[in-house]
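J.: Dropping in coords-v6.txt, with compact mmCIF, C-alpha atoms.
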```
# COMPACT_ATOMS: atom_id res chain seq x y z
CA MET A 1 -12.26 65.33 -6.04
CA ARG A 2 -14.17 68.04 -7.86
CA ASN A 3 -17.31 69.65 -6.49
CA GLY A 4 -17.47 66.82 -3.97
CA TYR A 5 -17.39 64.08 -6.62
CA GLU A 6 -14.87 61.28 -6.78
CA ILE A 7 -13.71 61.11 -10.39
CA TRP A 8 -12.26 58.19 -12.31
CA ASP A 9 -10.98 58.73 -15.82
CA ALA A 10 -11.69 55.27 -17.19
CA HIS A 11 -9.97 55.67 -20.57
CA CYS A 12 -6.34 56.88 -20.58
CA HIS A 13 -3.42 55.96 -22.85
CA ILE A 14 0.15 56.22 -21.55
CA TYR A 15 3.49 55.55 -23.24
CA PRO A 16 7.17 55.32 -22.28
CA GLU A 17 9.09 58.57 -22.71
CA LYS A 18 11.25 57.16 -25.51
CA ILE A 19 8.29 56.42 -27.80
CA VAL A 20 5.59 58.82 -26.60
CA ASP A 21 5.94 61.36 -29.41
CA ARG A 22 5.80 58.69 -32.11
CA ALA A 23 2.87 56.90 -30.49
CA VAL A 24 0.78 60.03 -30.06
CA ALA A 25 1.57 61.18 -33.59
CA GLY A 26 0.34 57.82 -34.88
CA THR A 27 -3.00 58.23 -33.14
CA ASP A 28 -3.30 61.80 -34.41
CA ALA A 29 -2.69 60.60 -37.96
CA PHE A 30 -5.28 57.83 -37.62
CA TYR A 31 -8.03 60.21 -36.45
CA GLY A 32 -6.92 63.51 -38.00
CA THR A 33 -6.51 65.11 -34.58
CA THR A 34 -3.91 67.02 -32.59
CA ALA A 35 -3.45 65.64 -29.10
CA ALA A 36 -4.18 68.06 -26.27
CA CYS A 37 -1.78 66.40 -23.83
CA ARG A 38 1.63 64.73 -23.67
CA GLY A 39 0.89 61.02 -23.15
CA THR A 40 3.24 60.26 -20.23
CA VAL A 41 2.32 59.17 -16.70
CA ARG A 42 3.75 62.37 -15.28
CA ASP A 43 1.66 64.55 -17.56
CA LEU A 44 -1.46 62.46 -16.97
CA THR A 45 -1.24 62.90 -13.22
CA GLU A 46 -0.43 66.60 -13.50
CA VAL A 47 -3.37 67.44 -15.75
CA GLY A 48 -5.60 65.11 -13.76
CA ASN A 49 -4.61 66.73 -10.48
CA ALA A 50 -5.41 70.16 -11.91
CA VAL A 51 -9.06 69.20 -12.51
CA GLY A 52 -9.66 66.84 -9.59
CA VAL A 53 -9.34 63.39 -11.14
CA ASP A 54 -8.78 60.81 -8.41
CA ARG A 55 -7.94 57.65 -10.35
CA PHE A 56 -7.00 56.70 -13.90
CA VAL A 57 -7.56 53.51 -15.89
CA VAL A 58 -4.42 53.29 -18.04
CA GLN A 59 -3.63 51.23 -21.10
CA SER A 60 -1.79 50.95 -24.39
CA VAL A 61 -2.36 48.90 -27.55
CA ALA A 62 -0.07 46.32 -29.15
CA THR A 63 0.17 46.58 -32.93
CA ALA A 64 2.34 43.44 -33.13
CA PRO A 65 2.54 40.29 -30.99
CA LYS A 66 6.13 41.00 -29.97
CA GLN A 67 5.01 44.19 -28.19
CA VAL A 68 2.50 42.56 -25.86
CA ARG A 69 4.59 41.57 -22.87
CA SER A 70 6.79 44.66 -22.84
CA ILE A 71 3.72 46.91 -22.96
CA ASN A 72 2.07 44.99 -20.13
CA GLU A 73 5.20 45.20 -18.03
CA PHE A 74 5.37 48.97 -18.67
CA ILE A 75 1.74 49.41 -17.60
CA ALA A 76 2.28 47.29 -14.49
CA ALA A 77 5.37 49.31 -13.55
CA ALA A 78 3.44 52.55 -13.98
CA VAL A 79 0.68 51.21 -11.72
CA ALA A 80 3.22 50.16 -9.09
CA GLU A 81 4.72 53.65 -9.08
CA GLY A 82 1.37 55.43 -9.22
CA GLY A 83 0.61 55.60 -5.53
CA GLY A 84 -2.57 53.58 -5.85
CA ARG A 85 -4.16 55.99 -8.33
CA LEU A 86 -3.67 53.94 -11.51
CA ILE A 87 -5.70 50.90 -12.55
CA GLY A 88 -3.88 49.06 -15.32
CA LEU A 89 -5.24 47.23 -18.32
CA GLY A 90 -3.07 44.88 -20.32
CA THR A 91 -2.97 44.39 -24.06
CA ILE A 92 -3.17 41.34 -26.29
CA HIS A 93 -2.68 40.77 -30.00
CA PRO A 94 -4.83 38.31 -31.93
CA ALA A 95 -1.84 36.92 -33.85
CA SER A 96 -0.02 35.90 -30.67
CA GLU A 97 1.35 32.36 -30.62
CA ASP A 98 0.65 32.10 -26.87
CA MET A 99 -2.57 33.92 -26.07
CA ALA A 100 -3.16 31.96 -22.87
CA GLY A 101 0.37 32.71 -21.72
CA ASP A 102 0.02 36.41 -22.53
CA ILE A 103 -3.18 36.67 -20.52
CA ALA A 104 -1.74 34.69 -17.61
CA HIS A 105 1.28 37.02 -17.66
CA LEU A 106 -0.78 40.20 -17.50
CA ALA A 107 -2.97 38.73 -14.77
CA ASP A 108 0.13 37.79 -12.78
CA LEU A 109 1.27 41.40 -13.15
CA GLY A 110 -1.90 42.46 -11.35
CA LEU A 111 -3.56 44.16 -14.31
CA HIS A 112 -7.33 44.49 -14.03
CA GLY A 113 -8.42 43.74 -17.58
CA ILE A 114 -7.52 44.03 -21.24
CA LYS A 115 -7.71 46.74 -23.90
CA ILE A 116 -8.00 45.97 -27.61
CA HIS A 117 -8.35 48.31 -30.59
CA PRO A 118 -9.59 46.26 -33.54
CA ASP A 119 -9.39 49.15 -36.01
CA ILE A 120 -5.74 49.93 -35.28
CA GLN A 121 -4.82 46.26 -34.89
CA LYS A 122 -6.78 45.56 -38.11
CA TYR A 123 -8.60 42.48 -36.86
CA ARG A 124 -12.37 42.24 -36.56
CA ILE A 125 -13.85 41.94 -33.07
CA ASP A 126 -15.37 38.62 -34.12
CA ASP A 127 -12.24 37.30 -35.83
CA PRO A 128 -11.69 33.67 -34.76
CA LEU A 129 -8.21 34.63 -33.58
CA PHE A 130 -9.76 36.71 -30.79
CA LEU A 131 -12.12 33.98 -29.57
CA PRO A 132 -9.63 32.16 -27.30
CA ALA A 133 -8.93 35.44 -25.52
CA TYR A 134 -12.61 36.06 -24.93
CA ALA A 135 -13.07 32.57 -23.51
CA ILE A 136 -10.09 32.98 -21.16
CA CYS A 137 -11.20 36.44 -20.02
CA GLU A 138 -14.72 35.18 -19.41
CA GLU A 139 -13.33 32.33 -17.30
CA ARG A 140 -10.96 34.62 -15.39
CA ASP A 141 -13.59 37.39 -15.06
CA LEU A 142 -11.29 39.91 -16.73
CA PRO A 143 -13.19 42.80 -18.35
CA ILE A 144 -12.25 43.93 -21.86
CA LEU A 145 -12.25 47.57 -22.90
CA MET A 146 -12.67 47.67 -26.68
CA HIS A 147 -12.49 50.49 -29.13
CA THR A 148 -15.85 50.23 -30.87
CA GLY A 149 -17.16 51.85 -34.04
CA ASP A 150 -15.77 53.60 -37.08
CA TYR A 151 -17.74 54.65 -40.15
CA ARG A 152 -14.61 54.15 -42.26
CA TYR A 153 -14.07 50.47 -41.47
CA ASP A 154 -15.86 47.31 -40.39
CA PHE A 155 -13.60 45.98 -37.66
CA SER A 156 -15.51 47.07 -34.54
CA ASN A 157 -19.03 48.08 -35.50
CA PRO A 158 -22.12 46.65 -33.75
CA ASN A 159 -22.51 43.83 -36.28
CA ARG A 160 -19.10 42.54 -35.10
CA LEU A 161 -19.65 43.17 -31.41
CA LEU A 162 -23.12 41.70 -30.94
CA PRO A 163 -22.14 38.10 -31.77
CA ILE A 164 -19.37 38.22 -29.18
CA LEU A 165 -21.63 39.64 -26.48
CA ARG A 166 -24.04 36.79 -27.14
CA GLN A 167 -21.44 34.03 -27.49
CA PHE A 168 -19.73 35.03 -24.22
CA PRO A 169 -22.60 36.22 -22.00
CA LYS A 170 -20.49 36.38 -18.83
CA LEU A 171 -17.69 38.36 -20.46
CA ARG A 172 -17.78 41.99 -19.31
CA ILE A 173 -17.14 44.30 -22.25
CA ILE A 174 -16.80 48.08 -22.15
CA GLY A 175 -17.52 49.55 -25.57
CA ALA A 176 -15.48 52.72 -25.82
CA HIS A 177 -16.97 55.89 -27.30
CA PHE A 178 -20.58 55.02 -26.45
CA GLY A 179 -20.25 51.68 -28.17
CA GLY A 180 -19.70 53.13 -31.62
CA TRP A 181 -17.31 55.96 -32.42
CA SER A 182 -18.76 58.14 -35.21
CA ILE A 183 -21.92 55.98 -35.38
CA TRP A 184 -23.16 56.69 -31.86
CA GLU A 185 -26.93 56.63 -32.33
CA GLU A 186 -26.86 53.61 -34.64
CA ALA A 187 -24.73 51.70 -32.13
CA ALA A 188 -27.02 52.58 -29.23
CA LYS A 189 -30.06 51.31 -31.11
CA GLN A 190 -28.40 47.93 -31.57
CA LEU A 191 -26.44 47.54 -28.34
CA ALA A 192 -28.42 49.20 -25.55
CA GLY A 193 -29.82 46.69 -23.10
CA VAL A 194 -27.28 43.93 -23.74
CA PRO A 195 -26.59 42.77 -20.17
CA ASN A 196 -22.83 42.26 -20.37
CA LEU A 197 -22.05 45.59 -22.09
CA TRP A 198 -20.98 48.90 -20.57
CA VAL A 199 -19.84 51.97 -22.52
CA ASP A 200 -17.63 54.95 -21.89
CA CYS A 201 -18.17 58.52 -23.09
CA SER A 202 -14.66 59.21 -24.37
CA SER A 203 -13.84 60.74 -27.78
CA THR A 204 -17.45 61.57 -28.50
CA VAL A 205 -18.22 65.28 -28.17
CA PRO A 206 -15.12 66.53 -30.06
CA PHE A 207 -16.19 64.52 -33.12
CA MET A 208 -19.93 65.24 -33.08
CA THR A 209 -21.25 67.41 -35.88
CA GLY A 210 -24.85 68.48 -36.19
CA GLY A 211 -27.44 68.80 -33.47
CA ASN A 212 -26.97 69.83 -29.86
CA PRO A 213 -24.13 67.74 -28.38
CA HIS A 214 -25.51 68.04 -24.84
CA GLU A 215 -28.86 66.67 -25.96
CA ARG A 216 -27.24 63.92 -28.03
CA VAL A 217 -24.97 62.78 -25.20
CA GLU A 218 -27.77 62.84 -22.64
CA LYS A 219 -29.91 60.70 -24.96
CA LEU A 220 -27.07 58.20 -25.32
CA ILE A 221 -26.70 58.02 -21.54
CA ARG A 222 -30.44 57.45 -21.12
CA ARG A 223 -30.47 54.87 -23.91
CA TYR A 224 -27.74 52.73 -22.36
CA GLY A 225 -28.74 53.51 -18.78
CA VAL A 226 -26.87 55.61 -16.22
CA ASP A 227 -25.56 52.46 -14.54
CA ARG A 228 -23.87 51.38 -17.80
CA VAL A 229 -21.83 54.50 -18.62
CA LEU A 230 -18.26 55.29 -17.49
CA PHE A 231 -16.59 58.67 -17.67
CA GLY A 232 -13.42 58.72 -19.79
CA THR A 233 -11.38 61.29 -21.68
CA ASP A 234 -9.24 59.22 -24.08
CA TYR A 235 -6.19 61.04 -22.68
CA PRO A 236 -3.94 62.33 -24.26
CA MET A 237 -6.26 63.11 -27.18
CA TRP A 238 -8.47 65.55 -25.29
CA SER A 239 -8.24 68.02 -22.44
CA PRO A 240 -9.62 66.51 -19.22
CA ALA A 241 -10.61 70.02 -18.16
CA LYS A 242 -12.83 70.49 -21.22
CA GLU A 243 -14.27 66.97 -21.01
CA LEU A 244 -15.25 67.48 -17.37
CA GLU A 245 -16.63 70.94 -18.07
CA PHE A 246 -18.94 69.45 -20.71
CA PHE A 247 -19.93 66.58 -18.42
CA PHE A 248 -20.96 68.88 -15.59
CA GLU A 249 -23.14 70.85 -18.03
CA LEU A 250 -25.28 67.76 -18.71
CA PRO A 251 -28.71 67.70 -17.01
CA LEU A 252 -27.94 64.84 -14.64
CA THR A 253 -28.85 64.33 -11.01
CA ASP A 254 -26.28 64.12 -8.25
CA SER A 255 -26.61 60.34 -8.01
CA GLU A 256 -26.35 59.97 -11.80
CA ARG A 257 -23.13 61.98 -11.86
CA ARG A 258 -21.64 59.91 -9.08
CA ALA A 259 -22.48 56.69 -10.93
CA ILE A 260 -20.86 57.79 -14.18
CA LEU A 261 -17.86 59.54 -12.63
CA SER A 262 -16.71 56.67 -10.43
CA GLU A 263 -19.22 54.14 -9.11
CA ASN A 264 -19.73 52.26 -12.37
CA ALA A 265 -15.99 51.98 -12.98
CA LYS A 266 -15.48 50.61 -9.47
CA ARG A 267 -18.02 47.89 -10.13
CA VAL A 268 -16.62 46.99 -13.55
CA TYR A 269 -13.02 46.78 -12.39
CA GLY A 270 -13.75 45.37 -8.95
CA THR A 271 -11.78 47.94 -6.98
```
Produce structure tokens that represent the structure in this file.
T.:
Amino acid sequence: MRNGYEIWDAHCHIYPEKIVDRAVAGTDAFYGTTAACRGTVRDLTEVGNAVGVDRFVVQSVATAPKQVRSINEFIAAAVAEGGGRLIGLGTIHPASEDMAGDIAHLADLGLHGIKIHPDIQKYRIDDPLFLPAYAICEERDLPILMHTGDYRYDFSNPNRLLPILRQFPKLRIIGAHFGGWSIWEEAAKQLAGVPNLWVDCSSTVPFMTGGNPHERVEKLIRRYGVDRVLFGTDYPMWSPAKELEFFFELPLTDSERRAILSENAKRVYGT
């Protein structure tokens, strides 16, 4: 709790101790950043506790099919040891030889959805290899958190996402980074109002150049709708303390803050 608000960080990456440094360095290299935090479950809970985060949606991304089940088992183990504070998302890889089996496995582990990162995995959102996964997740009512947007590539931009939202209208998709990292306003123009899309606010402010970031973020929230935005930090990339400080500076009402900080995530993940 912070200032009387229940807080869910709906976008957190965690890694096993033996690979955490390599994994975080890889993300830093991809985005030209320096991570603010460690990337382990212990560090996540410590920095979260310090700023009043109540629950964390945790995930990792498979860059090869052989990683999928071990990652999902790691996430499930972290959730089991997390004292009820962690909500786990599994991973899939589009080149898997047993997509249905991978999704059944992560569901059996009790994970609440799936995370994909098309730009790092180097497969387009609308690649035919992903389609079986979307169909299965739609049938199972498993939400998918997707990295979306990158001005450097064309793996996850709105032109790739829109066909999937339309082809699978009952599939709940959370477009990370306001639906379009680095192309926020363009993405909002194309995606706002699509009924099966939510977005999170992670990894947005630290990358914004030009204009007033408070005004830009508020406009994005209004464009998508307060009931469609989830709070997230993209831990370990950014300091949860700084992300929450910025959030509480936004001109939002009490009910709007409660929706974004926890209520929307509860509805999306059914907990």
J.: Each residue of segment 155-244 of chain A lying at most 12 Å from segment 127-136 of chain A should get a row with its shortest atom-to-atom pair and the distance in Å to one decimal, counting only C-alpha atoms; could you produce that, ordered by chain and increasing number, as a Markdown table?
T.:
```
| residue | atom | partner | partner_atom | distance |
| --- | --- | --- | --- | --- |
| A:Phe155 | CA | A:Asp127 | CA | 9.0 |
| A:Ser156 | CA | A:Asp127 | CA | 10.4 |
| A:Arg160 | CA | A:Asp127 | CA | 8.7 |
| A:Leu161 | CA | A:Asp127 | CA | 10.4 |
| A:Pro163 | CA | A:Asp127 | CA | 10.7 |
| A:Ile164 | CA | A:Tyr134 | CA | 8.3 |
| A:Leu165 | CA | A:Tyr134 | CA | 9.8 |
| A:Arg166 | CA | A:Tyr134 | CA | 11.7 |
| A:Gln167 | CA | A:Ala135 | CA | 9.4 |
| A:Phe168 | CA | A:Ala135 | CA | 7.1 |
| A:Pro169 | CA | A:Ala135 | CA | 10.3 |
| A:Lys170 | CA | A:Ala135 | CA | 9.6 |
| A:Leu171 | CA | A:Tyr134 | CA | 7.1 |
| A:Arg172 | CA | A:Tyr134 | CA | 9.7 |
| A:Ile173 | CA | A:Tyr134 | CA | 9.8 |
```
J.: Do you know which residues are at most 9 Å from Trp184 of chain A counting all atoms listed in the file, after dropping those on the same chain fewer than 5 positions away, and could you put them as a compact mmCIF listing (two decimals) with C-alpha atoms, keeping the file's coordinate frame?
T.:
```
# COMPACT_ATOMS: atom_id res chain seq x y z
CA GLY A 149 -17.16 51.85 -34.04
CA HIS A 177 -16.97 55.89 -27.30
CA PHE A 178 -20.58 55.02 -26.45
CA GLY A 179 -20.25 51.68 -28.17
CA LYS A 189 -30.06 51.31 -31.11
CA THR A 204 -17.45 61.57 -28.50
CA LEU A 220 -27.07 58.20 -25.32
```
J.: Kindly extract all protein, DNA and RNA residues lying within 10 Å of the coordinates (-15.6, 58.6, -25.5) given in the file, considering all atoms listed in the file, and supply them as number ranges by chain.
T.: A: 10-11, 147-148, 175-181, 199-207, 230-234, 238, 243
J.: Calculate how many Å separate atom CA of Asn159 of chain A from atom CA of Val24 of chain A, rounding to one decimal.
T.: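 Separation between atom CA of Asn159 of chain A and atom CA of Val24 of chain A: 29.0 Å.
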J.: Using all atoms listed in the file, which of A:Pro195, A:Pro16, A:Gly90, A:Gly84 sits nearest His105 of chain A?
T.: A:Gly90
J.: Taking into account all atoms listed in the file, which residue in the set A:Leu162, A:Ala241, A:Val51, A:Val79 is nearest to Leu109 of chain A?
T.: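 When distances to Leu109 of chain A are compared using all atoms listed in the file, the smallest one comes from A:Val79.
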J.: Using only C-alpha atoms, which residue out of A:Ala188, A:Ala80, A:Leu89, A:Met1 lies closest to Ile14 of chain A?
T.: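 Going through A:Ala188, A:Ala80, A:Leu89, A:Met1 one by one, the smallest distance to Ile14 of chain A is for A:Leu89.
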J.: Could you tell me which of A:Gly48, A:Gly113, A:Pro213, A:Gly32 comes closest to Phe246 of chain A if we count all atoms listed in the file?
T.: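 Of A:Gly48, A:Gly113, A:Pro213, A:Gly32, the one nearest Phe246 of chain A is A:Pro213, counting all atoms listed in the file.
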J.: Pick from A:Lys242, A:Lys115, A:Arg257, A:Arg267: nearest to Val47 of chain A, with all atoms listed in the file counted?
T.: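 Closest candidate: A:Lys242.
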J.: Tell me, as a list in words, which residues lie within 8 Å of Phe56 of chain A, counting all atoms listed in the file; anything in the same chain fewer than 4 positions away does not count.
T.: Trp8, Asp9, Ala10, His11, Cys12, Arg85, Leu86 and Ile87 of chain A
J.: What's around Lys66 of chain A at 12 Å? Count all atoms listed in the file, leave out sequence neighbours fewer than 6 positions away in its own chain, and write the answer as a ChimeraX atom specification.
T.: /A:72,91-99,102
J.: Since the input is missing atoms, can you rebuild N, CA and C atoms for segment 17-31 of chain A and write them as a compact mmCIF listing (two decimals), in the frame of the given file?
T.:
```txt
# COMPACT_ATOMS: atom_id res chain seq x y z
N GLU A 17 8.54 57.30 -22.22
CA GLU A 17 9.09 58.57 -22.71
C GLU A 17 9.76 58.41 -24.08
N LYS A 18 10.46 57.30 -24.28
CA LYS A 18 11.25 57.16 -25.51
C LYS A 18 10.39 56.99 -26.76
N ILE A 19 9.13 56.61 -26.61
CA ILE A 19 8.29 56.42 -27.80
C ILE A 19 7.05 57.31 -27.79
N VAL A 20 6.86 58.12 -26.77
CA VAL A 20 5.59 58.82 -26.60
C VAL A 20 5.27 59.71 -27.80
N ASP A 21 6.24 60.44 -28.30
CA ASP A 21 5.94 61.36 -29.41
C ASP A 21 5.50 60.59 -30.65
N ARG A 22 6.16 59.50 -30.94
CA ARG A 22 5.80 58.69 -32.11
C ARG A 22 4.43 58.05 -31.94
N ALA A 23 4.16 57.56 -30.74
CA ALA A 23 2.87 56.90 -30.49
C ALA A 23 1.71 57.88 -30.60
N VAL A 24 1.85 59.04 -30.01
CA VAL A 24 0.78 60.03 -30.06
C VAL A 24 0.58 60.55 -31.48
N ALA A 25 1.68 60.73 -32.20
CA ALA A 25 1.57 61.18 -33.59
C ALA A 25 0.83 60.15 -34.43
N GLY A 26 1.04 58.87 -34.14
CA GLY A 26 0.34 57.82 -34.88
C GLY A 26 -1.17 57.88 -34.67
N THR A 27 -1.57 58.10 -33.42
CA THR A 27 -3.00 58.23 -33.14
C THR A 27 -3.58 59.47 -33.80
N ASP A 28 -2.84 60.58 -33.75
CA ASP A 28 -3.30 61.80 -34.41
C ASP A 28 -3.50 61.57 -35.90
N ALA A 29 -2.57 60.86 -36.52
CA ALA A 29 -2.69 60.60 -37.96
C ALA A 29 -3.90 59.72 -38.26
N PHE A 30 -4.17 58.76 -37.40
CA PHE A 30 -5.28 57.83 -37.62
C PHE A 30 -6.62 58.55 -37.57
N TYR A 31 -6.75 59.53 -36.65
CA TYR A 31 -8.03 60.21 -36.45
C TYR A 31 -8.06 61.64 -37.00
```
